[in-house]
Amino acid sequence: MHLEIVTPEKKVFEGDVTLVTFPGASGSFQVMDHHAPMISLLKDGVVTYKSGEMKQEVRITGGVVEVLKNKVILLADGIATE
């Protein structure tokens with residue numbers, strides 16, 4: 001599936017992944033290939049995405065995610081820097 005992670009300032013990531021874990025407003029959840037369409041609010045936390053052996057993490061400060069037709073778009077409020 002295709003994943004885009006975008007903030008108001010920039011595009012953080014764009015590419016094909018096999019699994020994404022989100023910090024949902026009601027608890028964390030995962031999205032895999034051909035997931036059912038959905039929109040969800042996200043809270044502050046870590047988004048983890050995998051493609052093959054690659055595993056990446058990005059800490060977000062809230063946002064919303066849309067899953068539709070094997071494309072996942074994460075509109076993050078911001079990226080937390082530690």
# chains A, B, ... in the order shown; residues from 1 in each chain; ligands from 1
$ closest_atom_pairs --of "segment 8-49 of chain A" --to "segment 67-70 of chain A" --cutoff "12 Å" --atoms "only C-alpha atoms" --output "tab-separated table"
residue	atom	partner	partner_atom	distance
A:Asp16	CA	A:Asn70	CA	10.0
A:Val17	CA	A:Asn70	CA	10.3
A:Thr18	CA	A:Asn70	CA	10.4
A:Leu19	CA	A:Asn70	CA	11.4
A:Val20	CA	A:Val67	CA	11.0
A:Phe22	CA	A:Val67	CA	11.9
A:Gln30	CA	A:Val67	CA	11.2
A:Val31	CA	A:Val67	CA	8.3
A:Met32	CA	A:Asn70	CA	8.7
A:Asp33	CA	A:Asn70	CA	6.3
A:His34	CA	A:Asn70	CA	5.1
A:His35	CA	A:Asn70	CA	6.7
A:Ala36	CA	A:Leu68	CA	7.3
A:Pro37	CA	A:Leu68	CA	4.7
A:Met38	CA	A:Val67	CA	5.2
A:Ile39	CA	A:Val67	CA	6.4
A:Ser40	CA	A:Val67	CA	8.9
A:Leu41	CA	A:Val67	CA	12.0
$ write_last_selection --atoms "C-alpha atoms" --output "short mmCIF file (atom, residue, chain, number, x, y, z; two decimals), in the first residue's frame"
data_model
loop_
_atom_site.label_atom_id
_atom_site.label_comp_id
_atom_site.auth_asym_id
_atom_site.auth_seq_id
_atom_site.Cartn_x
_atom_site.Cartn_y
_atom_site.Cartn_z
CA ASP A 16 5.14 1.77 -0.36
CA VAL A 17 4.80 -0.07 2.95
CA THR A 18 3.30 -3.33 4.17
CA LEU A 19 2.19 -2.34 7.68
CA VAL A 20 1.52 0.89 9.59
CA PHE A 22 -1.01 4.46 14.45
CA GLN A 30 -2.64 -1.26 12.51
CA VAL A 31 -3.38 -0.94 8.81
CA MET A 32 -2.27 -3.62 6.32
CA ASP A 33 -2.60 -4.05 2.56
CA HIS A 34 -6.18 -3.70 1.24
CA HIS A 35 -7.56 -2.45 4.57
CA ALA A 36 -11.20 -1.37 4.62
CA PRO A 37 -11.78 2.36 4.00
CA MET A 38 -11.64 4.45 7.18
CA ILE A 39 -10.89 7.84 8.69
CA SER A 40 -9.55 8.15 12.24
CA LEU A 41 -8.35 10.84 14.62
#
$ atom_distance --atom1 "atom CA of Gly45 of chain A" --atom2 "atom CA of Arg59 of chain A"
5.5 Å
$ select_by_dssp --residues "chain A" --states "strand (DSSP E)" --output "MDAnalysis selection string"
chainID A and resid 2:6 11:16 19:24 27:32 38:51 54:68 71:76
$ residues_around --residues "Lys55 of chain A" --least-positions-apart "2" --cutoff "12 Å" --atoms "only C-alpha atoms" --output "number ranges by chain"
A: 17-21, 47-53, 57-58
$ write_last_selection --atoms "C-alpha atoms" --output "short mmCIF file (atom, residue, chain, number, x, y, z; two decimals), in the first residue's frame"
data_model
loop_
_atom_site.label_atom_id
_atom_site.label_comp_id
_atom_site.auth_asym_id
_atom_site.auth_seq_id
_atom_site.Cartn_x
_atom_site.Cartn_y
_atom_site.Cartn_z
CA VAL A 17 4.80 -0.07 2.95
CA THR A 18 3.30 -3.33 4.17
CA LEU A 19 2.19 -2.34 7.68
CA VAL A 20 1.52 0.89 9.59
CA THR A 21 0.75 1.29 13.30
CA VAL A 47 3.67 6.03 13.96
CA THR A 48 5.59 2.91 12.89
CA TYR A 49 5.73 1.74 9.29
CA LYS A 50 7.37 -1.29 7.69
CA SER A 51 8.44 -2.24 4.20
CA GLY A 52 10.28 -5.53 3.90
CA GLU A 53 13.10 -5.45 6.46
CA GLU A 57 9.20 5.49 13.32
CA VAL A 58 8.03 9.08 13.48
#
$ residues_around --residues "Val72 of chain A" --least-positions-apart "3" --cutoff "8 Å" --atoms "only C-alpha atoms" --output "ChimeraX atom specification"
/A:1-4,65-68
$ closest_residue --among "A:Lys71, A:Ser28, A:Gly15, A:Pro8" --to "Met54 of chain A" --atoms "only C-alpha atoms"
A:Gly15
$ residues_around --residues "Leu42 of chain A" --least-positions-apart "6" --cutoff "6 Å" --atoms "only C-alpha atoms" --output "number ranges by chain"
A: 23-25, 62-64
$ decode --residues "segment 30-58 of chain A" --atoms "N, CA, C and O atoms" --output "PDB file, in the first residue's frame"
ATOM      1  N   GLN A  30      -3.493  -1.014  13.658  1.00  0.00           N
ATOM      2  CA  GLN A  30      -2.637  -1.260  12.508  1.00  0.00           C
ATOM      3  C   GLN A  30      -3.451  -1.282  11.230  1.00  0.00           C
ATOM      4  O   GLN A  30      -4.622  -1.656  11.228  1.00  0.00           O
ATOM      5  N   VAL A  31      -2.785  -0.897  10.148  1.00  0.00           N
ATOM      6  CA  VAL A  31      -3.376  -0.939   8.813  1.00  0.00           C
ATOM      7  C   VAL A  31      -2.445  -1.783   7.945  1.00  0.00           C
ATOM      8  O   VAL A  31      -1.231  -1.576   7.945  1.00  0.00           O
ATOM      9  N   MET A  32      -3.034  -2.752   7.224  1.00  0.00           N
ATOM     10  CA  MET A  32      -2.269  -3.617   6.323  1.00  0.00           C
ATOM     11  C   MET A  32      -2.815  -3.451   4.910  1.00  0.00           C
ATOM     12  O   MET A  32      -3.806  -2.748   4.691  1.00  0.00           O
ATOM     13  N   ASP A  33      -2.164  -4.111   3.951  1.00  0.00           N
ATOM     14  CA  ASP A  33      -2.604  -4.052   2.557  1.00  0.00           C
ATOM     15  C   ASP A  33      -4.110  -4.319   2.430  1.00  0.00           C
ATOM     16  O   ASP A  33      -4.648  -5.200   3.097  1.00  0.00           O
ATOM     17  N   HIS A  34      -4.762  -3.546   1.580  1.00  0.00           N
ATOM     18  CA  HIS A  34      -6.177  -3.703   1.240  1.00  0.00           C
ATOM     19  C   HIS A  34      -7.100  -3.587   2.449  1.00  0.00           C
ATOM     20  O   HIS A  34      -8.130  -4.263   2.535  1.00  0.00           O
ATOM     21  N   HIS A  35      -6.734  -2.711   3.383  1.00  0.00           N
ATOM     22  CA  HIS A  35      -7.561  -2.455   4.569  1.00  0.00           C
ATOM     23  C   HIS A  35      -8.873  -1.801   4.138  1.00  0.00           C
ATOM     24  O   HIS A  35      -8.929  -1.102   3.128  1.00  0.00           O
ATOM     25  N   ALA A  36      -9.909  -2.007   4.895  1.00  0.00           N
ATOM     26  CA  ALA A  36     -11.202  -1.370   4.620  1.00  0.00           C
ATOM     27  C   ALA A  36     -11.058   0.147   4.715  1.00  0.00           C
ATOM     28  O   ALA A  36     -10.245   0.651   5.494  1.00  0.00           O
ATOM     29  N   PRO A  37     -11.840   0.896   3.930  1.00  0.00           N
ATOM     30  CA  PRO A  37     -11.779   2.360   3.998  1.00  0.00           C
ATOM     31  C   PRO A  37     -12.116   2.856   5.406  1.00  0.00           C
ATOM     32  O   PRO A  37     -12.993   2.312   6.070  1.00  0.00           O
ATOM     33  N   MET A  38     -11.378   3.889   5.852  1.00  0.00           N
ATOM     34  CA  MET A  38     -11.637   4.448   7.177  1.00  0.00           C
ATOM     35  C   MET A  38     -10.988   5.821   7.300  1.00  0.00           C
ATOM     36  O   MET A  38     -10.090   6.160   6.544  1.00  0.00           O
ATOM     37  N   ILE A  39     -11.489   6.577   8.271  1.00  0.00           N
ATOM     38  CA  ILE A  39     -10.886   7.843   8.691  1.00  0.00           C
ATOM     39  C   ILE A  39     -10.838   7.792  10.208  1.00  0.00           C
ATOM     40  O   ILE A  39     -11.803   7.377  10.851  1.00  0.00           O
ATOM     41  N   SER A  40      -9.692   8.207  10.792  1.00  0.00           N
ATOM     42  CA  SER A  40      -9.550   8.146  12.242  1.00  0.00           C
ATOM     43  C   SER A  40      -8.750   9.335  12.752  1.00  0.00           C
ATOM     44  O   SER A  40      -7.798   9.768  12.106  1.00  0.00           O
ATOM     45  N   LEU A  41      -9.138   9.824  13.930  1.00  0.00           N
ATOM     46  CA  LEU A  41      -8.350  10.838  14.620  1.00  0.00           C
ATOM     47  C   LEU A  41      -7.174  10.169  15.316  1.00  0.00           C
ATOM     48  O   LEU A  41      -7.296   9.043  15.788  1.00  0.00           O
ATOM     49  N   LEU A  42      -6.059  10.878  15.370  1.00  0.00           N
ATOM     50  CA  LEU A  42      -4.863  10.358  16.023  1.00  0.00           C
ATOM     51  C   LEU A  42      -4.464  11.264  17.178  1.00  0.00           C
ATOM     52  O   LEU A  42      -4.665  12.474  17.122  1.00  0.00           O
ATOM     53  N   LYS A  43      -3.883  10.660  18.214  1.00  0.00           N
ATOM     54  CA  LYS A  43      -3.368  11.432  19.336  1.00  0.00           C
ATOM     55  C   LYS A  43      -1.847  11.504  19.213  1.00  0.00           C
ATOM     56  O   LYS A  43      -1.251  10.863  18.336  1.00  0.00           O
ATOM     57  N   ASP A  44      -1.223  12.254  20.091  1.00  0.00           N
ATOM     58  CA  ASP A  44       0.237  12.318  20.122  1.00  0.00           C
ATOM     59  C   ASP A  44       0.791  10.914  20.322  1.00  0.00           C
ATOM     60  O   ASP A  44       0.282  10.151  21.151  1.00  0.00           O
ATOM     61  N   GLY A  45       1.824  10.569  19.568  1.00  0.00           N
ATOM     62  CA  GLY A  45       2.428   9.254  19.726  1.00  0.00           C
ATOM     63  C   GLY A  45       3.315   8.896  18.559  1.00  0.00           C
ATOM     64  O   GLY A  45       3.640   9.737  17.723  1.00  0.00           O
ATOM     65  N   VAL A  46       3.669   7.618  18.490  1.00  0.00           N
ATOM     66  CA  VAL A  46       4.603   7.130  17.482  1.00  0.00           C
ATOM     67  C   VAL A  46       3.852   6.388  16.378  1.00  0.00           C
ATOM     68  O   VAL A  46       3.021   5.527  16.658  1.00  0.00           O
ATOM     69  N   VAL A  47       4.155   6.750  15.134  1.00  0.00           N
ATOM     70  CA  VAL A  47       3.670   6.027  13.961  1.00  0.00           C
ATOM     71  C   VAL A  47       4.823   5.153  13.489  1.00  0.00           C
ATOM     72  O   VAL A  47       5.930   5.646  13.271  1.00  0.00           O
ATOM     73  N   THR A  48       4.569   3.852  13.351  1.00  0.00           N
ATOM     74  CA  THR A  48       5.588   2.912  12.890  1.00  0.00           C
ATOM     75  C   THR A  48       5.147   2.350  11.551  1.00  0.00           C
ATOM     76  O   THR A  48       3.992   1.952  11.396  1.00  0.00           O
ATOM     77  N   TYR A  49       6.068   2.326  10.583  1.00  0.00           N
ATOM     78  CA  TYR A  49       5.727   1.740   9.289  1.00  0.00           C
ATOM     79  C   TYR A  49       6.845   0.824   8.825  1.00  0.00           C
ATOM     80  O   TYR A  49       8.019   1.051   9.089  1.00  0.00           O
ATOM     81  N   LYS A  50       6.431  -0.263   8.133  1.00  0.00           N
ATOM     82  CA  LYS A  50       7.372  -1.287   7.690  1.00  0.00           C
ATOM     83  C   LYS A  50       7.246  -1.528   6.197  1.00  0.00           C
ATOM     84  O   LYS A  50       6.153  -1.472   5.648  1.00  0.00           O
ATOM     85  N   SER A  51       8.393  -1.810   5.595  1.00  0.00           N
ATOM     86  CA  SER A  51       8.444  -2.235   4.201  1.00  0.00           C
ATOM     87  C   SER A  51       9.584  -3.234   4.091  1.00  0.00           C
ATOM     88  O   SER A  51      10.750  -2.848   4.217  1.00  0.00           O
ATOM     89  N   GLY A  52       9.252  -4.494   3.923  1.00  0.00           N
ATOM     90  CA  GLY A  52      10.278  -5.529   3.902  1.00  0.00           C
ATOM     91  C   GLY A  52      10.997  -5.574   5.245  1.00  0.00           C
ATOM     92  O   GLY A  52      10.374  -5.678   6.283  1.00  0.00           O
ATOM     93  N   GLU A  53      12.299  -5.439   5.227  1.00  0.00           N
ATOM     94  CA  GLU A  53      13.096  -5.449   6.455  1.00  0.00           C
ATOM     95  C   GLU A  53      13.199  -4.056   7.084  1.00  0.00           C
ATOM     96  O   GLU A  53      13.663  -3.922   8.206  1.00  0.00           O
ATOM     97  N   MET A  54      12.813  -3.015   6.351  1.00  0.00           N
ATOM     98  CA  MET A  54      12.899  -1.651   6.854  1.00  0.00           C
ATOM     99  C   MET A  54      11.781  -1.362   7.856  1.00  0.00           C
ATOM    100  O   MET A  54      10.628  -1.709   7.628  1.00  0.00           O
ATOM    101  N   LYS A  55      12.147  -0.755   8.979  1.00  0.00           N
ATOM    102  CA  LYS A  55      11.157  -0.316   9.960  1.00  0.00           C
ATOM    103  C   LYS A  55      11.523   1.106  10.369  1.00  0.00           C
ATOM    104  O   LYS A  55      12.654   1.368  10.764  1.00  0.00           O
ATOM    105  N   GLN A  56      10.578   2.030  10.249  1.00  0.00           N
ATOM    106  CA  GLN A  56      10.804   3.433  10.571  1.00  0.00           C
ATOM    107  C   GLN A  56       9.758   3.895  11.575  1.00  0.00           C
ATOM    108  O   GLN A  56       8.639   3.379  11.603  1.00  0.00           O
ATOM    109  N   GLU A  57      10.129   4.893  12.363  1.00  0.00           N
ATOM    110  CA  GLU A  57       9.200   5.487  13.320  1.00  0.00           C
ATOM    111  C   GLU A  57       9.250   7.002  13.202  1.00  0.00           C
ATOM    112  O   GLU A  57      10.300   7.570  12.926  1.00  0.00           O
ATOM    113  N   VAL A  58       8.101   7.623  13.419  1.00  0.00           N
ATOM    114  CA  VAL A  58       8.028   9.079  13.476  1.00  0.00           C
ATOM    115  C   VAL A  58       7.051   9.432  14.586  1.00  0.00           C
ATOM    116  O   VAL A  58       5.984   8.820  14.712  1.00  0.00           O
TER     117      VAL A  58
END
